[in-house]
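Undergrad: Structure file query_22.cif (mmCIF, C-alpha atoms) is given on the next line.
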data_final
#
loop_
_atom_site.group_PDB
_atom_site.id
_atom_site.type_symbol
_atom_site.label_atom_id
_atom_site.label_comp_id
_atom_site.auth_asym_id
_atom_site.auth_seq_id
_atom_site.Cartn_x
_atom_site.Cartn_y
_atom_site.Cartn_z
ATOM 1 C CA MET A 1 -17.461 -17.984 -31.468
ATOM 2 C CA TYR A 2 -18.173 -17.934 -35.189
ATOM 3 C CA ALA A 3 -16.220 -18.552 -38.366
ATOM 4 C CA VAL A 4 -16.390 -17.964 -42.095
ATOM 5 C CA ILE A 5 -15.501 -21.078 -44.067
ATOM 6 C CA GLU A 6 -15.057 -21.809 -47.752
ATOM 7 C CA THR A 7 -16.235 -24.988 -49.421
ATOM 8 C CA GLY A 8 -17.410 -25.651 -52.951
ATOM 9 C CA GLY A 9 -16.339 -22.178 -54.068
ATOM 10 C CA LYS A 10 -18.753 -20.491 -51.666
ATOM 11 C CA GLN A 11 -18.324 -18.852 -48.270
ATOM 12 C CA TYR A 12 -20.524 -19.613 -45.252
ATOM 13 C CA HIS A 13 -20.895 -17.866 -41.887
ATOM 14 C CA VAL A 14 -21.162 -20.664 -39.285
ATOM 15 C CA GLU A 15 -21.550 -21.121 -35.531
ATOM 16 C CA VAL A 16 -21.762 -24.281 -33.424
ATOM 17 C CA GLY A 17 -25.058 -26.030 -34.208
ATOM 18 C CA THR A 18 -25.572 -24.365 -37.596
ATOM 19 C CA GLU A 19 -27.022 -26.636 -40.290
ATOM 20 C CA LEU A 20 -26.090 -25.744 -43.843
ATOM 21 C CA GLU A 21 -26.253 -27.164 -47.334
ATOM 22 C CA VAL A 22 -22.960 -27.149 -49.243
ATOM 23 C CA GLU A 23 -21.872 -28.442 -52.625
ATOM 24 C CA LEU A 24 -21.741 -32.245 -52.816
ATOM 25 C CA LEU A 25 -18.859 -33.723 -50.805
ATOM 26 C CA ASP A 26 -17.566 -37.283 -51.089
ATOM 27 C CA VAL A 27 -18.547 -38.390 -47.551
ATOM 28 C CA GLU A 28 -21.095 -40.769 -46.054
ATOM 29 C CA PRO A 29 -23.941 -39.629 -43.767
ATOM 30 C CA GLY A 30 -22.982 -39.917 -40.101
ATOM 31 C CA GLN A 31 -19.276 -39.225 -40.692
ATOM 32 C CA SER A 32 -17.408 -36.275 -39.209
ATOM 33 C CA ILE A 33 -15.305 -34.057 -41.431
ATOM 34 C CA THR A 34 -12.878 -31.243 -40.759
ATOM 35 C CA LEU A 35 -13.059 -28.122 -42.906
ATOM 36 C CA ASP A 36 -9.623 -26.483 -43.007
ATOM 37 C CA ARG A 37 -10.394 -23.541 -45.306
ATOM 38 C CA VAL A 38 -11.299 -21.113 -42.515
ATOM 39 C CA LEU A 39 -11.198 -17.509 -43.718
ATOM 40 C CA LEU A 40 -12.137 -15.767 -40.471
ATOM 41 C CA VAL A 41 -12.548 -16.745 -36.817
ATOM 42 C CA ALA A 42 -13.974 -14.436 -34.129
ATOM 43 C CA ASP A 43 -14.920 -14.770 -30.478
ATOM 44 C CA GLU A 44 -15.595 -12.275 -27.667
ATOM 45 C CA THR A 45 -11.954 -11.269 -27.245
ATOM 46 C CA ASP A 46 -10.203 -11.460 -30.600
ATOM 47 C CA THR A 47 -10.687 -11.825 -34.335
ATOM 48 C CA ALA A 48 -8.367 -13.489 -36.837
ATOM 49 C CA VAL A 49 -8.622 -12.815 -40.550
ATOM 50 C CA GLY A 50 -6.771 -15.179 -42.864
ATOM 51 C CA LYS A 51 -4.534 -14.309 -45.780
ATOM 52 C CA PRO A 52 -6.066 -16.403 -47.405
ATOM 53 C CA VAL A 53 -6.758 -18.854 -44.534
ATOM 54 C CA VAL A 54 -6.391 -18.638 -40.756
ATOM 55 C CA GLU A 55 -3.558 -20.738 -39.309
ATOM 56 C CA ASN A 56 -4.407 -23.106 -36.402
ATOM 57 C CA ALA A 57 -8.134 -22.942 -37.166
ATOM 58 C CA ALA A 58 -10.489 -25.744 -38.116
ATOM 59 C CA VAL A 59 -14.217 -26.346 -38.249
ATOM 60 C CA GLU A 60 -15.525 -29.805 -37.446
ATOM 61 C CA ALA A 61 -18.857 -30.823 -38.959
ATOM 62 C CA GLU A 62 -21.118 -33.863 -38.905
ATOM 63 C CA VAL A 63 -22.622 -35.054 -42.192
ATOM 64 C CA LEU A 64 -26.411 -35.344 -41.869
ATOM 65 C CA GLY A 65 -27.162 -36.514 -45.396
ATOM 66 C CA GLU A 66 -27.526 -35.548 -49.009
ATOM 67 C CA THR A 67 -30.294 -33.590 -50.702
ATOM 68 C CA ARG A 68 -30.992 -31.704 -53.895
ATOM 69 C CA GLY A 69 -31.370 -27.971 -54.256
ATOM 70 C CA GLU A 70 -34.145 -25.959 -55.855
ATOM 71 C CA LYS A 71 -34.707 -26.294 -59.567
ATOM 72 C CA VAL A 72 -32.940 -23.707 -61.698
ATOM 73 C CA VAL A 73 -34.491 -23.158 -65.125
ATOM 74 C CA ALA A 74 -32.380 -21.995 -68.082
ATOM 75 C CA PHE A 75 -34.432 -20.802 -71.046
ATOM 76 C CA LYS A 76 -32.825 -19.811 -74.349
ATOM 77 C CA TYR A 77 -34.926 -18.002 -76.921
ATOM 78 C CA ARG A 78 -34.103 -16.621 -80.339
ATOM 79 C CA PRO A 79 -36.798 -14.540 -81.898
ATOM 80 C CA LYS A 80 -37.810 -15.167 -85.509
ATOM 81 C CA ALA A 81 -35.682 -18.321 -85.644
ATOM 82 C CA ARG A 82 -38.233 -20.614 -83.929
ATOM 83 C CA ARG A 83 -35.612 -21.681 -81.442
ATOM 84 C CA ARG A 84 -36.591 -22.270 -77.829
ATOM 85 C CA VAL A 85 -34.585 -24.405 -75.386
ATOM 86 C CA LYS A 86 -35.708 -24.959 -71.804
ATOM 87 C CA LYS A 87 -33.404 -26.826 -69.436
ATOM 88 C CA GLY A 88 -33.727 -27.481 -65.719
ATOM 89 C CA HIS A 89 -31.059 -28.332 -63.164
ATOM 90 C CA ARG A 90 -31.103 -29.407 -59.501
ATOM 91 C CA GLN A 91 -27.750 -29.302 -57.726
ATOM 92 C CA ASP A 92 -26.762 -32.201 -55.439
ATOM 93 C CA LEU A 93 -25.989 -30.916 -51.930
ATOM 94 C CA THR A 94 -24.547 -32.267 -48.680
ATOM 95 C CA VAL A 95 -26.214 -31.240 -45.404
ATOM 96 C CA LEU A 96 -23.759 -30.482 -42.572
ATOM 97 C CA ARG A 97 -24.182 -29.617 -38.893
ATOM 98 C CA ILE A 98 -21.300 -27.661 -37.362
ATOM 99 C CA ALA A 99 -20.058 -29.537 -34.278
ATOM 100 C CA ASP A 100 -17.080 -27.429 -33.195
ATOM 101 C CA ILE A 101 -14.911 -24.458 -34.128
ATOM 102 C CA ARG A 102 -11.297 -24.678 -32.947
ATOM 103 C CA PHE A 103 -8.814 -21.820 -32.912
ATOM 104 C CA ASN A 104 -5.456 -21.674 -31.072
ATOM 105 C CA GLY A 105 -6.487 -24.331 -28.560
ATOM 106 C CA LYS A 106 -9.901 -22.766 -27.882
ATOM 107 C CA SER A 107 -13.024 -24.781 -28.594
ATOM 108 C CA ALA A 108 -16.430 -23.209 -29.173
ATOM 109 C CA ALA A 109 -18.260 -26.419 -28.194
ATOM 110 C CA GLU A 110 -16.490 -26.540 -24.816
ATOM 111 C CA GLY A 111 -17.349 -22.883 -24.225
ATOM 112 C CA LEU A 112 -21.011 -23.545 -24.993
ATOM 113 C CA ALA A 113 -21.058 -26.563 -22.672
ATOM 114 C CA LYS A 114 -19.581 -24.465 -19.853
ATOM 115 C CA ALA A 115 -22.106 -21.702 -20.505
ATOM 116 C CA GLY A 116 -24.915 -24.286 -20.383
ATOM 117 C CA VAL A 117 -23.713 -25.547 -16.990
ATOM 118 C CA ASP A 118 -23.490 -21.974 -15.683
ATOM 119 C CA ALA A 119 -27.016 -21.246 -16.944
ATOM 120 C CA ALA A 120 -28.349 -24.411 -15.281
ATOM 121 C CA THR A 121 -26.710 -23.406 -11.988
ATOM 122 C CA ALA A 122 -28.204 -19.922 -12.185
ATOM 123 C CA LYS A 123 -31.623 -21.377 -13.006
ATOM 124 C CA ALA A 124 -31.399 -23.719 -9.991
ATOM 125 C CA LYS A 125 -30.567 -20.756 -7.713
ATOM 126 C CA VAL A 126 -33.548 -18.798 -9.036
ATOM 127 C CA GLU A 127 -35.870 -21.787 -8.561
ATOM 128 C CA GLU A 128 -34.575 -22.263 -4.988
ATOM 129 C CA ALA A 129 -35.222 -18.589 -4.179
ATOM 130 C CA ALA A 130 -38.705 -18.826 -5.704
ATOM 131 C CA ALA A 131 -39.494 -21.933 -3.623
ATOM 132 C CA ARG A 132 -38.282 -20.204 -0.440
ATOM 133 C CA GLN A 133 -40.431 -17.131 -1.223
ATOM 134 C CA ALA A 134 -43.449 -19.355 -1.922
ATOM 135 C CA ALA A 135 -43.002 -21.066 1.461
ATOM 136 C CA GLU A 136 -42.819 -17.680 3.230
ATOM 137 C CA ASP A 137 -45.946 -16.515 1.372
ATOM 138 C CA ALA A 138 -47.804 -19.697 2.351
ATOM 139 C CA ALA A 139 -46.843 -19.222 6.029
ATOM 140 C CA LEU A 140 -48.057 -15.611 5.959
ATOM 141 C CA ALA A 141 -51.323 -16.653 4.295
ATOM 142 C CA ALA A 142 -51.868 -19.320 6.987
ATOM 143 C CA LYS A 143 -51.216 -16.756 9.731
ATOM 144 C CA LEU A 144 -53.691 -14.298 8.208
ATOM 145 C CA ALA A 145 -56.279 -17.054 7.767
ATOM 146 C CA ALA A 146 -55.880 -18.012 11.457
ATOM 147 C CA ARG A 147 -56.446 -14.383 12.498
ATOM 148 C CA ALA A 148 -59.532 -14.131 10.308
ATOM 149 C CA GLU A 149 -60.844 -17.408 11.754
ATOM 150 C CA ALA A 150 -60.277 -16.180 15.311
ATOM 151 C CA LYS A 151 -62.101 -12.935 14.546
ATOM 152 C CA ALA A 152 -64.998 -14.868 13.000
ATOM 153 C CA SER A 153 -65.224 -17.203 16.044
ATOM 154 C CA LYS A 154 -65.274 -14.175 18.400
ATOM 155 C CA ALA A 155 -68.075 -12.645 16.369
ATOM 156 C CA ALA A 156 -70.013 -15.940 16.473
ATOM 157 C CA GLU A 157 -69.441 -16.212 20.255
ATOM 158 C CA ALA A 158 -70.661 -12.663 20.762
ATOM 159 C CA ALA A 159 -73.733 -13.359 18.672
ATOM 160 C CA ALA A 160 -74.483 -16.441 20.786
ATOM 161 C CA THR A 161 -74.349 -14.448 24.045
ATOM 162 C CA GLY A 162 -76.473 -11.648 22.626
ATOM 163 C CA GLU A 163 -73.780 -9.003 22.575
ATOM 164 C CA SER A 164 -72.838 -7.169 19.474
ATOM 165 C CA ALA A 165 -69.468 -7.924 18.018
ATOM 166 C CA ASP A 166 -68.258 -4.439 18.996
ATOM 167 C CA GLU A 167 -69.231 -4.967 22.641
ATOM 168 C CA ALA A 168 -67.491 -8.374 22.797
ATOM 169 C CA THR A 169 -64.119 -6.945 21.937
ATOM 170 C CA PRO A 170 -62.604 -5.046 24.835
ATOM 171 C CA LYS A 171 -61.747 -1.468 24.082
ATOM 172 C CA PRO A 172 -58.859 0.314 25.696
ATOM 173 C CA ALA A 173 -59.734 3.014 28.209
ATOM 174 C CA PRO A 174 -59.602 6.493 26.789
ATOM 175 C CA LYS A 175 -56.612 8.511 27.773
ATOM 176 C CA ARG A 176 -57.222 11.297 30.148
ATOM 177 C CA THR A 177 -55.788 14.627 29.436
ATOM 178 C CA ARG A 178 -54.800 16.930 32.214
ATOM 179 C CA THR A 179 -56.864 19.987 32.771
ATOM 180 C CA LYS A 180 -56.321 22.984 34.997
ATOM 181 C CA LYS A 181 -58.788 21.533 37.501
ATOM 182 C CA ASP A 182 -56.580 18.505 38.070
ATOM 183 C CA GLU A 183 -53.668 20.637 39.058
#
What does this structure look like when you write it as C-alpha cells?

TA:
Amino acid sequence: MYAVIETGGKQYHVEVGTELEVELLDVEPGQSITLDRVLLVADETDTAVGKPVVENAAVEAEVLGETRGEKVVAFKYRPKARRRVKKGHRQDLTVLRIADIRFNGKSAAEGLAKAGVDAATAKAKVEEAAARQAAEDAALAAKLAARAEAKASKAAEAAATGESADEATPKPAPKRTRTKKDE
C-alpha cells in the first residue's frame, strides 16, 4: 500500500518504512504524528483519489529528528552598476519515518507484518526440505562409500591370495543357446 501526502506545500509518495525530509514541523524527535492531508491511497485491490483529500485515510509517521537542507545560493548581478549580491540559504527540515498508512480500516503495517510471517513460514518449509534432502544425500554417499570399501577389500584379499581381482569375483555362467544339435 502506498499514499501521496501533502505537507509544507509539497507532495510526497510514501510507503511504510519510507524516510523523508519535509518542511520544518513543530514536533519533538521521538513523537508520532498523523498526517491527514492524504491525496491518494492505493493498494493491490483499489485506489482512492481525493478531491482534494481522501476521506478515512491517514498516514502515521515517527519523527526522527531535525536537519538542514542543501545550501541554495541566490546571486543578483547588475552589469555596469557595480552591484553584486550573493546570499545563501539552508532550509530547516524535519526527518520522518512512515510507520503506517490507514485507509477504510485497512492498515499497511499489519499487512506487512502478516506478509513477513508468511515469508518466514515459507522459508522454514524450504529449509526443512533442504535438510531432509541433505540427509538423504548423506545416506546415499555412505552407502556408495561402503560399496567402494567392500570392493577395495575384495581386491586386497585377492591380491593376498595371489589371484587377480578379476578371478576373485565370481562370474555368472554364460548362457547356452540352443542349436540344432541339441534338438

Undergrad: On this file, the PyMOL selection byres ((chain A and resi 94-97) around 6) gives some set of residues; write that set as number ranges by chain.

TA: A: 17-22, 24, 61-66, 93, 98

Undergrad: What is the atom CA of A:Gln11 to atom CA of A:Gly30 distance in Å?

TA: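 We find that atom CA of A:Gln11 and atom CA of A:Gly30 lie 23.1 Å from each other.
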
Undergrad: If the PyMOL selection byres ((chain A and resi 86) around 10) were run on this exact file, what residues would it hold? Put them as a ChimeraX atom specification.

TA: /A:73-77,84-85,87-88

Undergrad: Carefully work through the PyMOL selection byres ((chain A and resi 103) around 8) for this structure and note down the residues it includes, as a ChimeraX atom specification.

TA: /A:41,56-58,101-102,104-107

Undergrad: Give me the residues near A:Gln91 as a ChimeraX atom specification, where near means some atom within 10 Å (using only C-alpha atoms) and where sequence neighbours in that chain fewer than 6 positions away do not count.

TA: /A:22-24,67-72

Undergrad: Record the distance separating atom CA of A:Asp36 and atom CA of A:Val59, expressed in Å with one decimal.

TA: 6.6 Å

Undergrad: Out of A:Lys123, A:Asp46, A:Met1, A:Thr177, which residue has the shortest atom-to-atom distance to A:His13 when counting all atoms listed in the file?

TA: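 Between A:Lys123, A:Asp46, A:Met1, A:Thr177, the residue approaching A:His13 most closely is A:Met1.
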
Undergrad: Kindly indicate which residue among A:Ala146, A:Val126, A:Leu112, A:Val117 lies nearest to A:Glu15, using only C-alpha atoms for the distances.

TA: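 Residue with the minimum atom-to-atom distance to A:Glu15: A:Leu112.
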
Undergrad: Give me, please, the distance in Å between atom CA of A:Ala3 and atom CA of A:Leu25, quoted to one decimal.

TA: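 Computing the Euclidean distance for atom CA of A:Ala3 and atom CA of A:Leu25 yields 19.8 Å.
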
Undergrad: Using only C-alpha atoms, which of the listed residues (A:Glu44, A:Asp26, A:Glu6, A:Asp118) sits closest to A:Asp92?

TA: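 Once distances to A:Asp92 are computed over only C-alpha atoms, the minimum belongs to A:Asp26.
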
Undergrad: Do a neighbour search on A:Lys51 at 10 Å with all atoms listed in the file, toss out local chain neighbours closer than 4 positions, and write the hits as a list of chain:residue names.

TA: A:Leu39, A:Leu40, A:Glu55

Undergrad: Around stretch 1-5 of chain A, fit a box with edges along x, y and z, padding it by 3 Å on each side, then list its centre and edge lengths in Å to one decimal as lines of an AutoDock Vina configuration file.

TA:
center_x = -16.8
center_y = -19.5
center_z = -37.8
size_x = 8.7
size_y = 9.1
size_z = 18.6

Undergrad: So, counting only C-alpha atoms, which residue among A:Lys114, A:Arg37, A:Lys80, A:Lys154 is closest to A:Pro52?

TA: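 Answer, going by the shortest atom-to-atom distance: A:Arg37.
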
Undergrad: Taking all atoms listed in the file into account, name the residue in A:Glu60, A:Ala122, A:Pro172, A:Asp43 that is nearest to A:Ala99.

TA: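 Of the candidates, the smallest distance to A:Ala99 is held by A:Glu60.
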
Undergrad: Which residue is closest to A:Thr34? Choose from A:Asp100, A:Lys10, A:Arg178, A:Pro79 and count only C-alpha atoms.

TA: A:Asp100
